[in-house]
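Novice: One file is attached below, input30.txt, containing compact mmCIF, C-alpha atoms.
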# COMPACT_ATOMS: atom_id res chain seq x y z
CA MET A 148 146.52 104.87 84.71
CA GLY A 149 143.64 107.28 85.25
CA SER A 150 143.14 109.39 88.34
CA GLY A 151 139.35 109.21 88.07
CA ILE A 152 137.11 108.46 91.01
CA ARG A 153 134.15 106.12 90.86
CA ALA A 154 131.46 107.59 93.09
CA GLU A 155 128.27 105.90 94.28
CA VAL A 156 125.79 108.38 95.67
CA SER A 157 122.31 107.90 97.13
CA LEU A 158 119.63 110.58 96.77
CA PRO A 159 115.88 110.63 97.56
CA ALA A 160 113.94 109.26 94.55
CA GLY A 161 111.28 112.00 94.67
CA ALA A 162 111.68 115.76 94.43
CA SER A 163 113.91 116.70 91.51
CA SER A 164 114.14 113.22 90.03
CA PRO A 165 112.51 112.80 86.59
CA PHE A 166 110.86 109.67 88.01
CA ASP A 167 108.65 111.67 90.33
CA GLY A 168 105.08 110.87 89.25
CA VAL A 169 106.21 108.04 86.97
CA VAL A 170 106.78 105.29 89.49
CA ASP A 171 106.27 104.88 93.17
CA GLY A 172 109.61 105.42 94.96
CA SER A 173 109.43 101.93 96.42
CA THR A 174 109.32 100.31 92.96
CA PRO A 175 112.74 98.87 92.16
CA ILE A 176 114.17 100.24 88.92
CA TYR A 177 116.96 98.04 87.67
CA SER A 178 118.57 100.32 85.13
CA VAL A 179 118.02 103.68 83.49
CA SER A 180 119.25 105.10 80.22
CA ARG A 181 118.60 108.44 78.63
CA SER A 182 118.71 110.09 75.26
CA VAL A 183 118.51 113.77 74.35
CA PRO A 184 117.14 113.60 70.83
CA ASP A 185 116.81 117.27 70.00
CA LYS A 186 119.14 119.94 71.30
CA SER A 187 116.57 122.64 70.64
CA THR A 188 114.36 121.33 73.41
CA GLU A 189 115.28 120.62 76.98
CA SER A 190 113.38 117.39 77.17
CA ALA A 191 115.05 114.02 77.32
CA VAL A 192 113.83 110.50 76.75
CA PHE A 193 114.25 108.20 79.73
CA GLU A 194 114.08 104.46 79.55
CA PHE A 195 114.07 102.15 82.54
CA ILE A 196 113.77 98.47 83.33
CA ALA A 197 111.37 97.45 86.07
CA ASP A 198 109.00 94.64 86.94
CA ALA A 199 106.39 93.85 84.29
CA GLY A 200 102.83 95.04 84.83
CA LEU A 201 103.68 98.24 86.70
CA SER A 202 100.93 100.78 87.02
CA VAL A 203 102.37 103.77 85.14
CA PRO A 204 100.79 106.99 83.81
CA ASP A 205 99.43 107.07 80.21
CA TRP A 206 102.43 109.00 78.95
CA VAL A 207 104.80 106.19 79.89
CA ASP A 208 105.15 103.66 77.06
CA VAL A 209 106.02 100.01 77.29
CA VAL A 210 108.79 99.45 74.73
CA PHE A 211 110.01 95.93 75.32
CA ASP A 212 108.83 92.86 77.19
CA TYR A 213 111.56 90.84 78.89
CA GLY A 214 109.11 88.45 80.55
CA PRO A 215 109.23 89.15 84.27
CA LYS A 216 110.69 92.60 83.51
CA THR A 217 109.72 95.31 81.08
CA ALA A 218 111.43 98.31 79.48
CA TYR A 219 109.41 101.53 79.89
CA ARG A 220 110.00 104.85 78.18
CA PHE A 221 108.88 108.44 78.81
CA GLU A 222 109.85 111.97 77.92
CA ALA A 223 110.53 114.60 80.56
CA VAL A 224 112.27 117.88 81.13
CA PRO A 225 114.65 117.22 84.01
CA ALA A 226 114.65 119.86 86.73
CA GLU A 227 117.80 121.96 86.81
CA ASP A 228 118.85 120.37 90.06
CA SER A 229 118.12 116.80 88.99
CA PRO A 230 121.13 114.49 89.25
CA PHE A 231 121.16 114.18 85.45
CA ALA A 232 121.29 117.93 84.95
CA VAL A 233 124.02 118.32 87.59
CA LEU A 234 126.17 115.65 85.96
CA ASP A 235 125.49 117.08 82.49
CA ARG A 236 126.77 120.47 83.60
CA HIS A 237 129.98 118.77 84.73
CA GLY A 238 130.30 116.83 81.49
CA LEU A 239 129.95 113.51 83.32
CA PRO A 240 127.75 110.70 82.03
CA VAL A 241 125.68 108.64 84.45
CA THR A 242 127.42 105.27 84.62
CA GLU A 243 124.64 103.45 86.41
CA LEU A 244 121.35 104.49 87.93
CA THR A 245 118.91 102.37 89.88
CA ILE A 246 116.10 103.05 92.34
CA ARG A 247 115.78 100.98 95.51
CA ASP A 248 113.67 101.64 98.59
CA GLY A 249 112.82 105.17 97.57
CA ARG A 250 116.44 106.12 96.90
CA LEU A 251 118.09 106.95 93.62
CA LEU A 252 121.48 105.25 93.48
CA VAL A 253 123.70 107.10 91.03
CA THR A 254 127.14 105.93 89.97
CA PHE A 255 129.48 108.16 87.95
CA HIS A 256 133.16 108.62 87.28
CA ALA A 257 134.51 112.00 88.37
CA THR A 258 137.64 113.02 86.53
CA ASP A 259 139.40 114.15 89.72
CA LEU A 260 138.80 115.24 93.31
CA PRO A 261 137.83 118.88 92.53
CA ALA A 262 135.28 117.64 89.96
CA LEU A 263 133.88 115.18 92.51
CA ARG A 264 133.61 117.93 95.14
CA SER A 265 131.83 120.21 92.71
CA VAL A 266 129.26 117.54 91.82
CA LEU A 267 128.69 116.63 95.46
CA ASP A 268 128.28 120.32 96.38
CA ALA A 269 125.61 120.66 93.70
CA PHE A 270 123.83 117.49 94.86
CA ARG A 271 123.97 118.62 98.47
CA GLU A 272 122.68 122.08 97.65
CA SER A 273 119.44 120.69 96.23
CA THR A 274 119.32 117.57 98.38
CA PRO A 275 120.77 117.87 101.90
CA ASP A 276 119.80 114.24 102.39
CA MET A 277 122.50 113.12 99.96
CA GLU A 278 124.63 110.17 101.03
CA VAL A 279 128.00 109.26 99.51
CA LEU A 280 128.10 105.49 99.70
CA ARG A 281 131.39 104.54 98.12
CA LEU A 282 134.42 106.17 96.52
CA LEU A 283 137.01 104.19 94.59
CA GLN A 284 140.04 105.48 92.76
CA SER A 285 140.87 103.65 89.59
CA SER A 286 144.55 103.42 90.47
CA SER A 287 143.69 100.98 93.22
CA THR A 288 141.84 98.52 91.03
CA PRO A 289 143.85 95.34 91.13
CA GLU A 290 145.24 94.48 87.71
CA GLU A 291 144.38 90.86 88.28
CA SER A 292 140.71 91.79 88.62
CA ASP A 293 138.64 89.36 86.61
CA LEU A 294 135.03 90.44 86.69
CA VAL A 295 132.10 88.39 85.45
CA THR A 296 128.45 89.27 85.15
CA VAL A 297 125.99 87.04 86.95
CA ASP A 298 122.37 87.41 85.93
CA ARG A 299 120.44 86.53 89.04
CA SER A 300 117.23 86.38 87.05
CA ASP A 301 118.55 83.09 85.63
CA LEU A 302 117.52 81.62 88.95
CA THR A 303 113.85 80.88 89.48
CA GLU A 304 112.18 82.49 92.44
CA ARG A 305 112.09 79.10 94.19
CA GLN A 306 115.80 78.50 93.54
CA ARG A 307 116.67 81.89 95.01
CA GLU A 308 114.52 81.20 98.03
CA VAL A 309 116.14 77.81 98.63
CA LEU A 310 119.63 79.18 98.05
CA THR A 311 119.04 82.08 100.44
CA ALA A 312 117.64 79.81 103.15
CA ALA A 313 120.57 77.42 102.77
CA TYR A 314 123.11 80.22 102.85
CA ASP A 315 121.52 81.92 105.86
CA ALA A 316 121.34 78.62 107.76
CA GLY A 317 125.05 78.00 107.22
CA TYR A 318 124.57 75.09 104.80
CA PHE A 319 127.61 76.26 102.83
CA ASP A 320 129.81 76.82 105.90
CA HIS A 321 132.50 74.44 107.02
CA PRO A 322 131.60 72.84 109.31
CA LYS A 323 127.98 73.09 108.15
CA GLY A 324 125.61 75.22 110.22
CA ALA A 325 122.71 73.12 108.92
CA ASN A 326 122.37 70.01 106.80
CA ALA A 327 120.11 69.47 103.80
CA GLY A 328 117.36 67.89 105.89
CA GLU A 329 117.29 70.81 108.32
CA VAL A 330 117.14 73.47 105.61
CA ALA A 331 114.48 71.46 103.76
CA ALA A 332 112.44 71.25 106.95
CA SER A 333 112.72 75.02 107.49
CA LEU A 334 111.28 75.49 104.00
CA ASP A 335 108.67 72.80 104.54
CA ILE A 336 109.82 70.81 101.51
CA ASP A 337 111.24 67.32 100.98
CA ARG A 338 114.94 66.80 101.27
CA SER A 339 115.05 65.55 97.67
CA THR A 340 113.22 68.67 96.44
CA PHE A 341 115.70 70.82 98.33
CA SER A 342 118.60 68.94 96.75
CA GLU A 343 117.17 69.38 93.25
CA HIS A 344 116.69 73.13 93.71
CA ILE A 345 120.09 73.69 95.28
CA ALA A 346 121.88 71.66 92.61
CA ALA A 347 120.11 73.54 89.81
CA ALA A 348 120.92 76.91 91.40
CA GLN A 349 124.57 76.02 91.95
CA ARG A 350 124.90 74.73 88.40
CA LYS A 351 123.52 78.00 86.97
CA LEU A 352 125.71 80.19 89.16
CA LEU A 353 128.86 78.17 88.56
CA SER A 354 128.30 78.09 84.82
CA SER A 355 128.38 81.92 84.87
CA LEU A 356 131.52 82.00 86.99
CA LEU A 357 133.52 79.27 85.31
CA ASP A 358 132.77 79.82 81.60
CA MET B 268 132.24 88.04 95.00
CA THR B 269 135.07 90.08 96.46
CA SER B 270 136.11 93.65 95.83
CA PRO B 271 139.23 95.55 96.90
CA ALA B 272 139.60 95.91 100.67
CA THR B 273 137.83 99.05 101.72
CA HIS B 274 137.80 101.29 104.78
CA THR B 275 134.98 103.22 106.38
CA PHE B 276 135.57 106.93 106.69
CA VAL B 277 133.35 108.86 109.09
CA CYS B 278 133.72 112.62 108.87
CA PRO B 279 134.18 114.21 112.32
CA GLU B 280 132.38 117.32 111.07
CA CYS B 281 129.48 116.33 108.79
CA ARG B 282 129.23 112.76 110.19
CA ARG B 283 128.87 111.25 106.75
CA SER B 284 130.06 107.68 106.49
CA ILE B 285 131.73 106.70 103.22
CA GLU B 286 133.30 103.43 102.11
CA VAL B 287 136.66 104.13 100.44
CA ASP B 288 139.48 102.07 98.95
CA ASN B 289 143.18 102.50 99.75
CA ALA B 290 143.88 105.14 97.12
CA MET B 291 140.83 107.17 98.09
CA ARG B 292 141.77 106.85 101.75
CA SER B 293 145.13 108.52 101.01
CA ALA B 294 143.43 111.18 98.90
CA LEU B 295 141.02 112.04 101.71
CA LEU B 296 143.83 112.22 104.31
CA ASP B 297 145.54 114.77 102.04
CA ALA B 298 142.51 116.73 100.92
CA GLY B 299 139.95 116.38 103.73
CA CYS B 300 136.31 115.27 103.65
CA VAL B 301 135.05 115.19 100.11
CA VAL B 302 131.67 116.58 101.17
CA CYS B 303 132.39 119.30 103.77
CA GLY B 304 136.15 119.83 103.35
CA GLU B 305 136.95 119.22 107.05
CA SER B 306 140.51 117.99 107.52
CA ILE B 307 140.72 114.45 108.78
CA THR B 308 143.15 112.10 110.48
CA GLU B 309 143.82 108.38 110.33
CA SER B 310 141.59 107.89 113.37
CA ASP B 311 138.58 108.94 111.28
CA ILE B 312 139.09 105.97 108.99
CA VAL B 313 138.52 102.52 110.41
CA ASP B 314 140.25 99.32 109.43
CA PRO B 315 139.78 97.52 106.15
CA GLN B 316 136.66 95.49 105.66
CA THR B 317 136.55 92.54 103.41
CA ALA B 318 133.58 93.19 101.18
The structure given in the file should be rewritten as structure tokens.
Specialist:
Amino acid sequence: MGSGIRAEVSLPAGASSPFDGVVDGSTPIYSVSRSVPDKSTESAVFEFIADAGLSVPDWVDVVFDYGPKTAYRFEAVPAEDSPFAVLDRHGLPVTELTIRDGRLLVTFHATDLPALRSVLDAFRESTPDMEVLRLLQSSSTPEESDLVTVDRSDLTERQREVLTAAYDAGYFDHPKGANAGEVAASLDIDRSTFSEHIAAAQRKLLSSLLD
Amino acid sequence: MTSPATHTFVCPECRRSIEVDNAMRSALLDAGCVVCGESITESDIVDPQTA
């Protein structure tokens, strides 16, 4: 069993991030990948998934259309203190990177505690505003863990809205915090419309969980 | 969706708040704050949360 540590760190999206000038910090970026095509240059190709129709500079290409989301690509030379460069110097790949509310959320696996400390020191040196959100050690992962991936974009915007309202109102609690009629009224829709949306949403979610 | 029970560690020195699992909790008690190195005690880590 490994002694690695899964670290989730939050950093400001501007400053040394390669996304500075590419997207507004408030634009959600759902995933980022990177390729370094030529070792003789320091530039890297970044690709990210974000909402379709973003206003991006000319040098950012649209490479794939996923409907409501789009894959964008650009080339940049990451600053020496960018999170990518810091992790590269430690020989650690970025496991996951997203941008939410102006913050870069970086997940990586440190090989051990000294490696984690070294990375965090380097992050903190360039970005005092660094936050360490979560640290997990692989040895504590329950062996019976049975993860599934749920693609929330399977739900329509209306289904998500209805599901959220129902959940927040306690519709799924026992005893119920609100019945179908009350949640429907809060959304200003018919009870039958509410029932259709909620059934469709539940069916989609359960099909992902139970397959 | 549930994840392993986690604890919230708040460093008495740098005041950073970090969610940690059981194994990481033990590691921090041995090694100190992962950011500033300050030694810590059990009272700096609050009870498990169910995520």
Novice: Which neighbours of His256 in chain A fall inside 12 Å, counting only C-alpha atoms, when residues of the same chain fewer than 5 positions from it are skipped, and could you give them as a list in words?
Specialist: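 The residues satisfying every condition are Gly149, Ser150, Gly151, Ile152, Arg153, Ala154, Glu155, Val156, Leu234, His237, Gly238, Leu239, Pro240, Val241, Thr242, Glu243, Ala262, Leu263, Val266, Arg281, Leu282, Leu283, Gln284 and Ser285 of chain A.
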Novice: If you count only C-alpha atoms, which residues fall within 12 Å of range 172-182 of chain A, apart from same-chain ones fewer than 2 positions away, as a ChimeraX atom specification?
Specialist: /A:158-162,164-170,184-186,189-203,216-225,231-232,235,240-254,300
Novice: Would you list the contacts of range 303-312 of chain B as an mmCIF file with C-alpha atoms, in the coordinates of the input, taking every protein, DNA or RNA residue within 9 Å and counting all atoms listed in the file, but skipping same-chain residues closer than 3 positions in sequence?
Specialist:
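And here is the file that came out, around-v7.cif:
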data_model
loop_
_atom_site.group_PDB
_atom_site.id
_atom_site.type_symbol
_atom_site.label_atom_id
_atom_site.label_comp_id
_atom_site.auth_asym_id
_atom_site.auth_seq_id
_atom_site.Cartn_x
_atom_site.Cartn_y
_atom_site.Cartn_z
ATOM 1 C CA ARG A 264 133.610 117.930 95.140
ATOM 2 C CA ASP A 268 128.280 120.320 96.380
ATOM 3 C CA HIS B 274 137.800 101.290 104.780
ATOM 4 C CA THR B 275 134.980 103.220 106.380
ATOM 5 C CA PHE B 276 135.570 106.930 106.690
ATOM 6 C CA VAL B 277 133.350 108.860 109.090
ATOM 7 C CA CYS B 278 133.720 112.620 108.870
ATOM 8 C CA PRO B 279 134.180 114.210 112.320
ATOM 9 C CA GLU B 280 132.380 117.320 111.070
ATOM 10 C CA CYS B 281 129.480 116.330 108.790
ATOM 11 C CA ARG B 292 141.770 106.850 101.750
ATOM 12 C CA LEU B 295 141.020 112.040 101.710
ATOM 13 C CA LEU B 296 143.830 112.220 104.310
ATOM 14 C CA ASP B 297 145.540 114.770 102.040
ATOM 15 C CA ALA B 298 142.510 116.730 100.920
ATOM 16 C CA GLY B 299 139.950 116.380 103.730
ATOM 17 C CA CYS B 300 136.310 115.270 103.650
ATOM 18 C CA PRO B 315 139.780 97.520 106.150
#
Novice: Which chain B residues have any atom within 8 Å of an atom of chain A, and for each, what is the nearest pair of atoms with distance in Å to one decimal, counting all atoms listed in the file, rows sorted by chain and number, as a tab-separated table?
Specialist:
residue	atom	partner	partner_atom	distance
B:Pro271	CA	A:Thr288	CA	7.1
B:Arg283	CA	A:Glu278	CA	7.2
B:Ser284	CA	A:Leu280	CA	7.4
B:Ile285	CA	A:Leu280	CA	5.2
B:Glu286	CA	A:Arg281	CA	4.6
B:Val287	CA	A:Leu282	CA	5.0
B:Asp288	CA	A:Leu283	CA	5.4
B:Asn289	CA	A:Ser287	CA	6.7
B:Ala290	CA	A:Ser287	CA	5.7
B:Met291	CA	A:Gln284	CA	5.6
B:Val301	CA	A:Arg264	CA	5.9
B:Val302	CA	A:Leu267	CA	6.4
Novice: I'd like the interatomic distance between CA of Gly324 in chain A and CA of Arg299 in chain A, to a tenth of an Å.
Specialist: 24.6 Å
Novice: Ranking A:Val297, A:Ala226, A:Ala327, A:Ala257 by minimum distance to Ile345 in chain A and counting all atoms listed in the file, which one comes first?
Specialist: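 The shortest atom-to-atom distance to Ile345 in chain A comes from A:Ala327.
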Novice: I'd like the interatomic distance between CA of Leu357 in chain A and CA of His344 in chain A, to a tenth of an Å.
Specialist: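 Distance reported for this atom pair: 19.8 Å.
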Novice: For the point (116.1, 70.2, 96.2) in the file's frame, write as a ChimeraX atom specification all residues with an atom no more than 12 Å away, counting all atoms listed in the file.
Specialist: /A:305-310,312-313,327-328,330-332,334-349
Novice: Which residue, A:Asp259, A:Thr296, A:Leu302, A:Ser229, has the smallest gap to Arg350 in chain A when you use all atoms listed in the file?
Specialist: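 Residue with the minimum atom-to-atom distance to Arg350 in chain A: A:Leu302.
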Novice: In Å to one decimal, how far is CA of Phe270 in chain A from CA of Pro230 in chain A?
Specialist: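 Computing the Euclidean distance for CA of Pro230 in chain A and CA of Phe270 in chain A yields 6.9 Å.
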